[in-house]
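**Q** This is the structure I have questions about; it appears just below.
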Amino acid sequence: DVKVTQSSRYLVKRTGEKVFLECVQDMDHENMFWYRQDPGLGLRLIYFSYDVKMKEKGDIPEGYSVSREKKERFSLILESASTNQTSMYLCASKDISRGRGYTFGSGTRLTVV
Amino acid sequence: DQQVKQNSPSLSVQEGRISILNCDYTNSMFDYFLWYKKYPAEGPTFLISISSIKDKNEDGRFTVFLNKSAKHLSLHIVPSQPGDSAVYFCAARGGADGLTFGKGTHLIIQP
């Protein structure tokens, strides 16, 4: 089974801090994604990547950047954290075998104070 | 502009009965639809999917129906069990590779 691992389950950061959220997948998938989940808003796509060093903006990229230096790792960066970035962040890797779509990590609950 | 809509934020169903979760979409370019289930403090897990060339897909207790002309899909769970209590997200794929998700429906199975 594909495994998508997010390094932190819970994080608390201060306003203005630079925050790194790490995601690693173990199945050599080209495509990786970062979403955030907020109550009443569902899952919204922040950034995605087709391959190493490639990135594409999703629906809500403002305030975020990403890094994909190695195929298995996709990092989400909050350059200067703000309270409106308090959210559940979900990383996903593309797995189209048998129609299973995307495999998600367990999520990182980020609180910015 | 919300392209995938789940108009019921929550749904309560008695154990053993059928749960029907609905989803509407507006983008006719979507070619693949998925349902995900999510428990609190966990990532979404894939449940079932359907290609736009089909109108039904079944997997055990779960069946997804697609009505392309109405741009509507639904997930049926029969019989509903307590472990089915979760938030269910409808998602659609088309264009760029990311999925577009609905806002989710919180399903509550009552004993």
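Identifiers in this document derive from the order of the structure tokens: chains are assigned A, B, ..., residues are numbered from 1 separately in each chain, and ligands are numbered from 1 in order of occurrence.
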With only C-alpha atoms considered, list every residue of chain A at most 10 Å from chain B, as JSON, numbers by chain.

**A** {"A": [4, 9, 10, 31, 32, 33, 34, 35, 37, 38, 39, 40, 41, 42, 43, 44, 45, 46, 47, 48, 49, 50, 56, 58, 59, 88, 89, 90, 91, 92, 94, 98, 99, 100, 101, 102, 103, 104, 105, 106, 107, 108, 109]}

**Q** Keeping only C-alpha atoms, write those residues as a PDB file, in the first residue's frame.

**A**
ATOM      1  CA  VAL A   4       2.047   9.135   2.704  1.00  0.00           C
ATOM      2  CA  ARG A   9       0.440  15.647  13.626  1.00  0.00           C
ATOM      3  CA  TYR A  10       0.163  18.860  15.653  1.00  0.00           C
ATOM      4  CA  ASN A  31       2.258  13.838  -8.474  1.00  0.00           C
ATOM      5  CA  MET A  32       1.895  15.260  -4.986  1.00  0.00           C
ATOM      6  CA  PHE A  33      -0.553  17.761  -3.536  1.00  0.00           C
ATOM      7  CA  TRP A  34      -1.121  20.005  -0.547  1.00  0.00           C
ATOM      8  CA  TYR A  35      -4.671  20.745   0.653  1.00  0.00           C
ATOM      9  CA  GLN A  37      -9.292  21.547   5.352  1.00  0.00           C
ATOM     10  CA  ASP A  38     -11.461  24.063   7.179  1.00  0.00           C
ATOM     11  CA  PRO A  39     -14.927  23.575   8.683  1.00  0.00           C
ATOM     12  CA  GLY A  40     -17.627  24.481   6.192  1.00  0.00           C
ATOM     13  CA  LEU A  41     -15.091  24.930   3.388  1.00  0.00           C
ATOM     14  CA  GLY A  42     -14.083  21.354   2.668  1.00  0.00           C
ATOM     15  CA  LEU A  43     -10.681  20.616   1.157  1.00  0.00           C
ATOM     16  CA  ARG A  44      -9.001  23.312  -0.898  1.00  0.00           C
ATOM     17  CA  LEU A  45      -5.948  22.804  -3.094  1.00  0.00           C
ATOM     18  CA  ILE A  46      -2.957  24.981  -2.216  1.00  0.00           C
ATOM     19  CA  TYR A  47      -0.189  23.688  -4.501  1.00  0.00           C
ATOM     20  CA  PHE A  48       0.659  20.579  -6.447  1.00  0.00           C
ATOM     21  CA  SER A  49       3.691  19.159  -8.171  1.00  0.00           C
ATOM     22  CA  TYR A  50       4.084  16.936 -11.221  1.00  0.00           C
ATOM     23  CA  GLU A  56       1.766  24.518  -9.854  1.00  0.00           C
ATOM     24  CA  GLY A  58      -3.805  25.464  -6.780  1.00  0.00           C
ATOM     25  CA  ASP A  59      -6.885  27.408  -5.774  1.00  0.00           C
ATOM     26  CA  MET A  88      -5.663  21.091   9.044  1.00  0.00           C
ATOM     27  CA  TYR A  89      -3.109  20.547   6.267  1.00  0.00           C
ATOM     28  CA  LEU A  90      -3.319  17.395   4.178  1.00  0.00           C
ATOM     29  CA  CYS A  91      -0.717  16.036   1.794  1.00  0.00           C
ATOM     30  CA  ALA A  92      -1.720  13.611  -0.968  1.00  0.00           C
ATOM     31  CA  LYS A  94      -1.459  10.340  -6.767  1.00  0.00           C
ATOM     32  CA  ARG A  98      -7.430   0.352  -9.562  1.00  0.00           C
ATOM     33  CA  GLY A  99      -9.153   3.720  -9.523  1.00  0.00           C
ATOM     34  CA  ARG A 100      -8.124   4.549  -5.985  1.00  0.00           C
ATOM     35  CA  GLY A 101      -7.336   8.136  -6.809  1.00  0.00           C
ATOM     36  CA  TYR A 102      -5.276   9.949  -4.260  1.00  0.00           C
ATOM     37  CA  THR A 103      -3.783   8.714  -1.016  1.00  0.00           C
ATOM     38  CA  PHE A 104      -3.731  11.187   1.829  1.00  0.00           C
ATOM     39  CA  GLY A 105      -1.453  11.519   4.805  1.00  0.00           C
ATOM     40  CA  SER A 106      -2.867  11.731   8.322  1.00  0.00           C
ATOM     41  CA  GLY A 107      -2.779  15.500   8.323  1.00  0.00           C
ATOM     42  CA  THR A 108      -1.016  18.212  10.307  1.00  0.00           C
ATOM     43  CA  ARG A 109      -3.143  20.349  12.591  1.00  0.00           C
TER      44      ARG A 109
END

**Q** Please, which residues of chain B, numbered as in this document, come out strand (DSSP E) from DSSP, as a ChimeraX atom specification?

**A** /B:4-5,10-14,19-25,32-38,45-51,56-59,62-67,72-77,86-93,99-101,105-110

**Q** Given only C-alpha atoms as the basis, pick out the residue of B:Ser19, B:Thr26, B:Ser85, B:His106 nearest to B:Ser69.

**A**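 Smallest distance to B:Ser69 is found for B:Thr26.
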
**Q** List as a PyMOL selection string the protein and nucleic acid residues near B:Asp55, meaning an atom at most 8 Å away when only C-alpha atoms are counted, but skip any in the same chain fewer than 4 places from it.

**A** chain B and resi 50+65-68

**Q** B:Ile108: which residues within 8 Å, counting only C-alpha atoms, same-chain residues fewer than 5 positions away excluded, as JSON, numbers by chain?

**A** {"B": [10, 11, 12, 13, 82, 84, 85, 86]}

**Q** Just N, CA and C atoms for this one: save the residues we selected as a compact mmCIF listing (two decimals), in the first residue's frame.

**A**
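Output below, filename result_28.txt:
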# COMPACT_ATOMS: atom_id res chain seq x y z
N SER B 10 -25.01 18.00 7.10
CA SER B 10 -25.08 16.84 7.98
C SER B 10 -26.29 15.99 7.63
N LEU B 11 -26.21 14.72 8.01
CA LEU B 11 -27.28 13.77 7.73
C LEU B 11 -27.30 12.75 8.86
N SER B 12 -28.48 12.52 9.39
CA SER B 12 -28.63 11.55 10.48
C SER B 12 -29.48 10.38 10.00
N VAL B 13 -28.97 9.15 10.18
CA VAL B 13 -29.65 7.95 9.69
C VAL B 13 -29.61 6.90 10.78
N PRO B 82 -22.66 1.81 12.62
CA PRO B 82 -22.11 2.88 13.46
C PRO B 82 -20.74 3.39 12.99
N ASP B 84 -19.80 3.89 10.15
CA ASP B 84 -19.94 4.76 8.98
C ASP B 84 -20.04 6.22 9.37
N SER B 85 -20.22 6.50 10.64
CA SER B 85 -20.30 7.90 11.09
C SER B 85 -18.97 8.59 10.81
N ALA B 86 -19.00 9.59 9.96
CA ALA B 86 -17.79 10.28 9.51
C ALA B 86 -18.22 11.44 8.62

**Q** Tell me which of A:Gln6, A:Val112, A:Tyr64, A:Val12 sits closest to A:Ser82, counting only C-alpha atoms.

**A**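 Among the listed residues, the smallest separation from A:Ser82 belongs to A:Val112.
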
**Q** Mind checking which residues fall within 7 Å of B:Thr63, counting only C-alpha atoms, ignoring those fewer than 6 positions away in the same chain, and posting them as a ChimeraX atom specification?

**A** /B:57,75-77

**Q** Kindly give the distance, in Å, that separates atom CA of B:Ser52 and atom CA of A:His29, rounded to a single decimal.

**A** 24.2 Å

**Q** State, in Å with one decimal place, the distance from atom CA of B:Glu58 to atom CA of B:Ile18.

**A**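 A separation of 14.5 Å between them.
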